[in-house]
>>> print(open('my_file-v3.cif').read())   # mmCIF, C-alpha atoms
data_input
loop_
_atom_site.group_PDB
_atom_site.id
_atom_site.type_symbol
_atom_site.label_atom_id
_atom_site.label_comp_id
_atom_site.auth_asym_id
_atom_site.auth_seq_id
_atom_site.Cartn_x
_atom_site.Cartn_y
_atom_site.Cartn_z
ATOM 1 C CA MET A 276 123.579 89.958 39.871
ATOM 2 C CA THR A 277 119.854 89.897 40.542
ATOM 3 C CA VAL A 278 117.701 86.793 40.227
ATOM 4 C CA GLN A 279 113.981 86.299 40.752
ATOM 5 C CA ILE A 280 113.269 83.854 43.562
ATOM 6 C CA PRO A 281 109.973 81.998 44.069
ATOM 7 C CA PRO A 282 107.202 83.786 45.971
ATOM 8 C CA GLU A 283 107.310 83.434 49.728
ATOM 9 C CA PRO A 284 104.165 83.178 51.870
ATOM 10 C CA VAL A 285 104.546 85.653 54.740
ATOM 11 C CA ARG A 286 102.561 86.898 57.738
ATOM 12 C CA VAL A 287 102.564 90.349 59.354
ATOM 13 C CA LEU A 288 103.940 90.133 62.908
ATOM 14 C CA PHE A 289 103.985 93.764 64.051
ATOM 15 C CA HIS A 290 104.808 97.294 62.997
ATOM 16 C CA LEU A 291 108.102 98.944 63.826
ATOM 17 C CA ASP A 292 108.962 102.576 64.392
ATOM 18 C CA GLY A 293 110.238 104.366 61.323
ATOM 19 C CA GLY A 294 107.700 103.032 58.828
ATOM 20 C CA TYR A 295 108.712 99.381 58.723
ATOM 21 C CA THR A 296 106.734 96.186 59.323
ATOM 22 C CA LYS A 297 108.150 92.925 60.615
ATOM 23 C CA ILE A 298 106.970 89.909 58.629
ATOM 24 C CA PHE A 299 107.953 86.291 58.942
ATOM 25 C CA LEU A 300 108.380 83.662 56.272
ATOM 26 C CA GLU A 301 105.723 81.074 57.034
ATOM 27 C CA ARG A 302 107.668 78.194 55.536
ATOM 28 C CA SER A 303 110.545 78.797 57.940
ATOM 29 C CA LYS A 304 108.443 77.763 60.960
ATOM 30 C CA ASP A 305 108.120 74.197 59.657
ATOM 31 C CA TRP A 306 111.761 73.384 59.062
ATOM 32 C CA GLY A 307 111.849 70.350 61.333
ATOM 33 C CA MET A 308 114.287 70.709 64.200
ATOM 34 C CA VAL A 309 114.838 74.412 63.620
ATOM 35 C CA ASP A 310 113.303 76.276 66.563
ATOM 36 C CA PHE A 311 113.249 79.743 65.045
ATOM 37 C CA TRP A 312 111.686 81.445 62.086
ATOM 38 C CA ILE A 313 113.062 83.856 59.542
ATOM 39 C CA ASP A 314 111.725 87.375 59.696
ATOM 40 C CA TRP A 315 112.289 90.496 57.638
ATOM 41 C CA ASP A 316 111.621 94.186 58.090
ATOM 42 C CA ILE A 317 110.029 95.713 55.013
ATOM 43 C CA PRO A 318 108.723 99.230 54.404
ATOM 44 C CA THR A 319 105.109 99.432 55.548
ATOM 45 C CA ASN A 320 104.155 101.593 52.574
ATOM 46 C CA PHE A 321 104.947 98.640 50.265
ATOM 47 C CA ILE A 322 102.090 96.692 51.868
ATOM 48 C CA PRO A 323 98.563 97.532 50.672
ATOM 49 C CA PRO A 324 96.600 99.167 53.528
ATOM 50 C CA ASP A 325 94.135 96.273 53.843
ATOM 51 C CA LEU A 326 97.010 93.793 54.328
ATOM 52 C CA ARG A 327 98.816 95.746 57.071
ATOM 53 C CA LYS A 328 96.707 94.264 59.852
ATOM 54 C CA ILE A 329 98.628 92.057 62.307
ATOM 55 C CA GLY A 330 98.278 88.442 61.154
ATOM 56 C CA SER A 331 97.583 89.279 57.504
ATOM 57 C CA ARG A 332 99.075 86.884 55.000
ATOM 58 C CA PHE A 333 100.304 87.445 51.466
ATOM 59 C CA LEU A 334 102.860 86.278 48.941
ATOM 60 C CA LEU A 335 106.047 88.274 48.749
ATOM 61 C CA TYR A 336 108.013 88.223 45.526
ATOM 62 C CA GLU A 337 111.484 89.600 45.634
ATOM 63 C CA SER A 338 114.608 89.753 43.601
ATOM 64 C CA SER A 339 117.630 88.342 45.300
ATOM 65 C CA PHE A 340 120.958 90.065 45.117
ATOM 66 C CA ASN A 341 124.397 89.082 46.259
ATOM 67 C CA SER A 342 124.970 90.664 49.636
ATOM 68 C CA ASP A 343 127.025 90.079 52.705
ATOM 69 C CA GLU A 344 127.231 91.415 56.219
ATOM 70 C CA ASP A 345 129.451 94.283 55.056
ATOM 71 C CA ASP A 346 126.664 95.812 52.945
ATOM 72 C CA SER A 347 125.573 99.230 54.095
ATOM 73 C CA PHE A 348 121.994 100.036 54.992
ATOM 74 C CA GLU A 349 121.654 102.011 51.752
ATOM 75 C CA GLU A 350 122.895 99.068 49.680
ATOM 76 C CA ILE A 351 120.349 96.773 51.286
ATOM 77 C CA ARG A 352 117.593 99.358 50.945
ATOM 78 C CA THR A 353 118.111 99.542 47.201
ATOM 79 C CA ALA A 354 116.725 95.983 46.975
ATOM 80 C CA TYR A 355 113.337 97.046 48.361
ATOM 81 C CA PRO A 356 111.961 98.447 45.087
ATOM 82 C CA ASP A 357 112.101 94.868 43.801
ATOM 83 C CA LEU A 358 109.490 93.688 46.338
ATOM 84 C CA ARG A 359 106.063 92.768 45.007
ATOM 85 C CA ILE A 360 103.107 91.749 47.143
ATOM 86 C CA VAL A 361 100.305 89.490 45.925
ATOM 87 C CA ARG A 362 97.140 88.676 47.840
ATOM 88 C CA LEU A 363 96.536 85.050 48.669
ATOM 89 C CA GLU A 364 93.331 83.839 47.044
ATOM 90 C CA CYS A 365 92.136 82.141 50.228
ATOM 91 C CA ASP A 366 92.438 85.408 52.203
ATOM 92 C CA ARG A 367 90.198 87.517 49.979
#
>>> encode(input="my_file-v3.cif", output="structure tokens")
Amino acid sequence: MTVQIPPEPVRVLFHLDGGYTKIFLERSKDWGMVDFWIDWDIPTNFIPPDLRKIGSRFLLYESSFNSDEDDSFEEIRTAYPDLRIVRLECDR
């Protein structure tokens, strides 16, 4: 089952080999006593060229799907077409 989850403000951390970019969920850095943040690797070509710069911020919409640690790379990759990036008004 796929559900739409609320948009997540993210920031570009760095670019990885193989055409992926590491982003982190900005809200995860303010979770009180938690001393880590949540990061994701997303395909760089999903990010508009002007937002690929290190430190760029944008909203990431995604559809959530039921997955577990046994999912194959291909199963996880099929979720990527559901990503949508929206510019933050304050960053224009």
>>> residues_around(input="my_file-v3.cif", residues="Val285 (chain A)", least_positions_apart="6", cutoff="7 Å", atoms="only C-alpha atoms", output="number ranges by chain")
A: 298-301, 332-335
>>> resolve_selection(input="my_file-v3.cif", expression="the PyMOL selection byres ((chain A and resi 323) around 12)", output="list in words")
Val287, Thr296, Pro318, Thr319, Asn320, Phe321, Ile322, Pro324, Asp325, Leu326, Arg327, Lys328, Ser331, Arg332, Phe333, Arg359, Ile360, Val361 and Arg362 of chain A
>>> atom_distance(input="my_file-v3.cif", atom1="CA of Pro281 (chain A)", atom2="CA of Glu337 (chain A)")
7.9 Å
>>> residues_around(input="my_file-v3.cif", residues="Gly330 (chain A)", least_positions_apart="5", cutoff="9 Å", atoms="all atoms listed in the file", output="list of chain:residue names")
A:Arg286, A:Val287, A:Leu288, A:Phe289
>>> atom_distance(input="my_file-v3.cif", atom1="CA of Glu364 (chain A)", atom2="CA of Ile313 (chain A)")
23.4 Å
